[in-house]
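Structure first, commentary second.
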Amino acid sequence: MENIYSNIYSFNKKVLKKTVKSLKQGNLAGLPTETVYGLAGNAYSKRAVRNIFRLKKRPKNNPLIIHYNNLKNARQDVSFNSDFFKLYKKFCPGPITFVLKRNKKSKLSPISTSNLKTVAIRFPSHKVIRSILKLTSFPLAMPSANFSTKLSPVSAYDVYDDFKENLKIIVDGGSSKIGIESTVVDLTGKPKILRPGIICSKEIKAILKKNLSNKKSKIKSPGMMKKHYSPGIPVIIGQKPKKIDHAYIVFGKKHKKNFNYFNLSQKADLKEAASNLYKIMRKIKKYGFKKIFVAKIPSSGPGKAINDRLIRASK
Ligand code: AMP
Ligand code: MG
């Protein structure tokens, strides 16, 4: 099939060069990662970072995650600690974000971190984003490539749905394998999960060999906003659909097949369920259903992240 979108590119060497050049000029690009698609810009450039907030309609007090290719580059902007090294060794590159103290000498645009003394950093594993980061001399500030408070994109076409021709380049790297945003862990004090993800608190606890903090955090950030991840139609949890134009999100074997039933994972696999969550919510919206009802989903492991996104989507 011919690509009818003038700004969506399949990844190859030529597109890699074109994307890096465009980012160096201060432009933004829609890029694939293993979690969700990101809206990327030079984190050292005030103009690029400002444009990320503007395009996403994101409140200025919601800091961006900064993406790096390796430790050497990240070290210029943040101070590492022993908890960080333990988690880095086990999970990176991958779907986990670390909040660390900002270095005095850091060149990060202060707007990117909402003027905080902390920086959230991630080392993504997707081969497209890694090959781009290898060729830029700067890290990429990269929130999800969608309008603030809406559903995150898991394909290049999802990115196009929100930003249309406002982006010069959207790189198609296939559908995002993980399908929900990274786990965010604050390592500036007693380790604390700020946003649950596929890598769950149990795994983090096991690596750090200590308990995590469950105190309420003061930092205001998008993943922590009550209303977020909204599909644009009402989401009702724990009830069954009542009308023909209501969709039902279910999980596991016991649910029968029905035209308005959407199973996150027939085989009751929570990782598979997470990877299907946004895809299915977008599909339901496109089919024209007016409301989404959701069956009970287990809250163990990745289930905690799924329920977190569903509860916020229902606000
Ligand atoms: P998003 O860009 O939507 O994936 O969300 C970014 C997440 O990273 C937020 O939910 C925060 O939890 C966290 N975050 C980003 N930057 C910082 C920072 N400088 N300090 C603390 N948390 C941050
Ligand atoms: Mg987001």
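Chains: A, B, ... in order of the structure tokens. Residues: from 1 per chain. Ligands: from 1, in order shown.
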
Test item: residues at most 9 Å from Ile199 (chain A), only C-alpha atoms, excluding those fewer than 2 positions along its chain, as a PyMOL selection string: chain A and resi 91+95-96+182-183+196-197+201-204+301-302

Go through chain A and flag each residue having an atom no more than 12 Å from ligand 2; for those, report the closest pair of atoms plus their distance in Å to one decimal, using only C-alpha atoms and all ligand atoms, ordered by chain and rising number, as a tab-separated table.
```
residue	atom	partner	partner_atom_place_in_ligand_line	distance
A:Thr35	CA	ligand 2	1 (Mg)	10.9
A:Val36	CA	ligand 2	1 (Mg)	8.8
A:Tyr37	CA	ligand 2	1 (Mg)	9.5
A:Gly38	CA	ligand 2	1 (Mg)	8.5
A:Leu39	CA	ligand 2	1 (Mg)	9.6
A:Ile52	CA	ligand 2	1 (Mg)	11.7
A:Phe53	CA	ligand 2	1 (Mg)	11.3
A:Lys56	CA	ligand 2	1 (Mg)	9.2
A:Lys57	CA	ligand 2	1 (Mg)	11.2
A:Arg58	CA	ligand 2	1 (Mg)	9.2
A:Pro59	CA	ligand 2	1 (Mg)	11.6
A:Asn62	CA	ligand 2	1 (Mg)	10.0
A:Pro63	CA	ligand 2	1 (Mg)	10.6
A:Leu64	CA	ligand 2	1 (Mg)	9.1
A:Ile65	CA	ligand 2	1 (Mg)	9.8
A:Met142	CA	ligand 2	1 (Mg)	9.2
A:Pro143	CA	ligand 2	1 (Mg)	5.5
A:Ser144	CA	ligand 2	1 (Mg)	4.3
A:Ala145	CA	ligand 2	1 (Mg)	7.2
A:Asn146	CA	ligand 2	1 (Mg)	7.0
A:Phe147	CA	ligand 2	1 (Mg)	8.1
A:Ser148	CA	ligand 2	1 (Mg)	6.6
A:Thr149	CA	ligand 2	1 (Mg)	7.2
A:Lys150	CA	ligand 2	1 (Mg)	7.9
A:Leu151	CA	ligand 2	1 (Mg)	7.8
A:Ser152	CA	ligand 2	1 (Mg)	6.0
A:Pro153	CA	ligand 2	1 (Mg)	9.0
A:Val154	CA	ligand 2	1 (Mg)	11.6
A:Ile180	CA	ligand 2	1 (Mg)	9.7
A:Glu181	CA	ligand 2	1 (Mg)	7.4
A:Ser182	CA	ligand 2	1 (Mg)	10.0
A:Arg195	CA	ligand 2	1 (Mg)	11.4
A:Ser221	CA	ligand 2	1 (Mg)	9.8
A:Pro222	CA	ligand 2	1 (Mg)	6.7
A:Gly223	CA	ligand 2	1 (Mg)	6.8
A:Met224	CA	ligand 2	1 (Mg)	10.3
A:Met225	CA	ligand 2	1 (Mg)	10.5
A:Lys227	CA	ligand 2	1 (Mg)	11.6
A:His228	CA	ligand 2	1 (Mg)	8.1
A:Tyr229	CA	ligand 2	1 (Mg)	7.6
A:Ser230	CA	ligand 2	1 (Mg)	10.7
A:Arg309	CA	ligand 2	1 (Mg)	11.0
```

Residues flagged helix (DSSP H, G or I) by DSSP in region 79-235 of chain A, as a ChimeraX atom specification: /A:82-91,110-113,127-135,156-166,201-208,222-224

Residues near Phe123 (chain A), cut-off 10 Å, only C-alpha atoms, skip fewer than 3 positions along chain, as a list of chain:residue names: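 Selected residues are A:Ile66, A:His67, A:Tyr68, A:Asn69, A:Asn70, A:Leu71, A:Ala74, A:Tyr88, A:Phe91, A:Cys92, A:Pro93, A:Gly94, A:Pro95, A:Ile96, A:Thr97, A:Phe98, A:His126, A:Ile129, A:Arg130, A:Leu133.
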
Residues flagged strand (DSSP E) by DSSP in region 122-268 of chain A, as a list in words: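 Those residues are Arg122, Leu140, Ala141, Ile169, Ile170, Val171, Asp172, Thr183, Val184, Val185, Asp186, Lys192, Ile193, Leu194, Arg195, Val235, Ile236, Ile237, His246, Ala247, Tyr248, Ile249, Val250, Tyr261, Phe262 and Asn263 of chain A.
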
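Atom to atom, CA of Lys21 (chain A) and CA of Leu167 (chain A) stand 14.3 Å apart.
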
Among the residues A:Gln25, A:Thr136, A:Asn307, A:Asn115, the one that comes closest to ligand 1 [using only C-alpha atoms and all ligand atoms]: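 The answer is A:Asn115, which sits nearest to ligand 1.
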
Atomic distance CA of Arg282 (chain A) - CA of Pro231 (chain A), expressed in Å with one decimal: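 Taking CA of Arg282 (chain A) as the start and CA of Pro231 (chain A) as the end point, the length is 6.8 Å.
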
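Closest approach to ligand 1 among A:Lys240, A:Lys271, A:Lys226, A:Lys286 is made by A:Lys226 (distances from only C-alpha atoms and all ligand atoms).
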
Best match for closeness to ligand 1 among A:Ser10, A:Lys304, A:Tyr5, A:Ala120, counting only C-alpha atoms and all ligand atoms: A:Ala120

Among listed residues A:Lys243, A:Lys17, A:Lys117, A:Lys267, nearest ligand 1 (using only C-alpha atoms and all ligand atoms):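 Smallest separation from ligand 1 among the options: A:Lys117.
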
Phe85 (chain A) environment, 12 Å, only C-alpha atoms, sequence neighbours closer than 2 positions dropped, as an MDAnalysis selection string: chainID A and resid 71 75 79:83 87:92 98 100 187 207:208

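Shell of region 108-111 of chain A at 9 Å, with only C-alpha atoms counted and residues fewer than 2 places along the chain excluded, is A:Ala43, A:Tyr44, A:Ser45, A:Lys46, A:Val49, A:Arg50, A:Lys60, A:Asn61, A:Pro63, A:Leu64, A:Ile66, A:Asp77, A:Ser106, A:Thr113, A:Ser114, A:Asn115, A:Leu116, A:Pro139.
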
Residues near Ser265 (chain A), cut-off 7 Å, only C-alpha atoms, skip fewer than 3 positions along chain, as a PyMOL selection string: chain A and resi 251-252+268-269+272-273

CA of Arg54 (chain A) to CA of Gly30 (chain A), distance in Å rounded to a single decimal: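 Atom-to-atom, CA of Arg54 (chain A) to CA of Gly30 (chain A), that is 14.7 Å.
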
From A:Lys257, A:Lys72, A:Lys24, A:His246, residue lying nearest Ile284 (chain A) [only C-alpha atoms]: A:His246
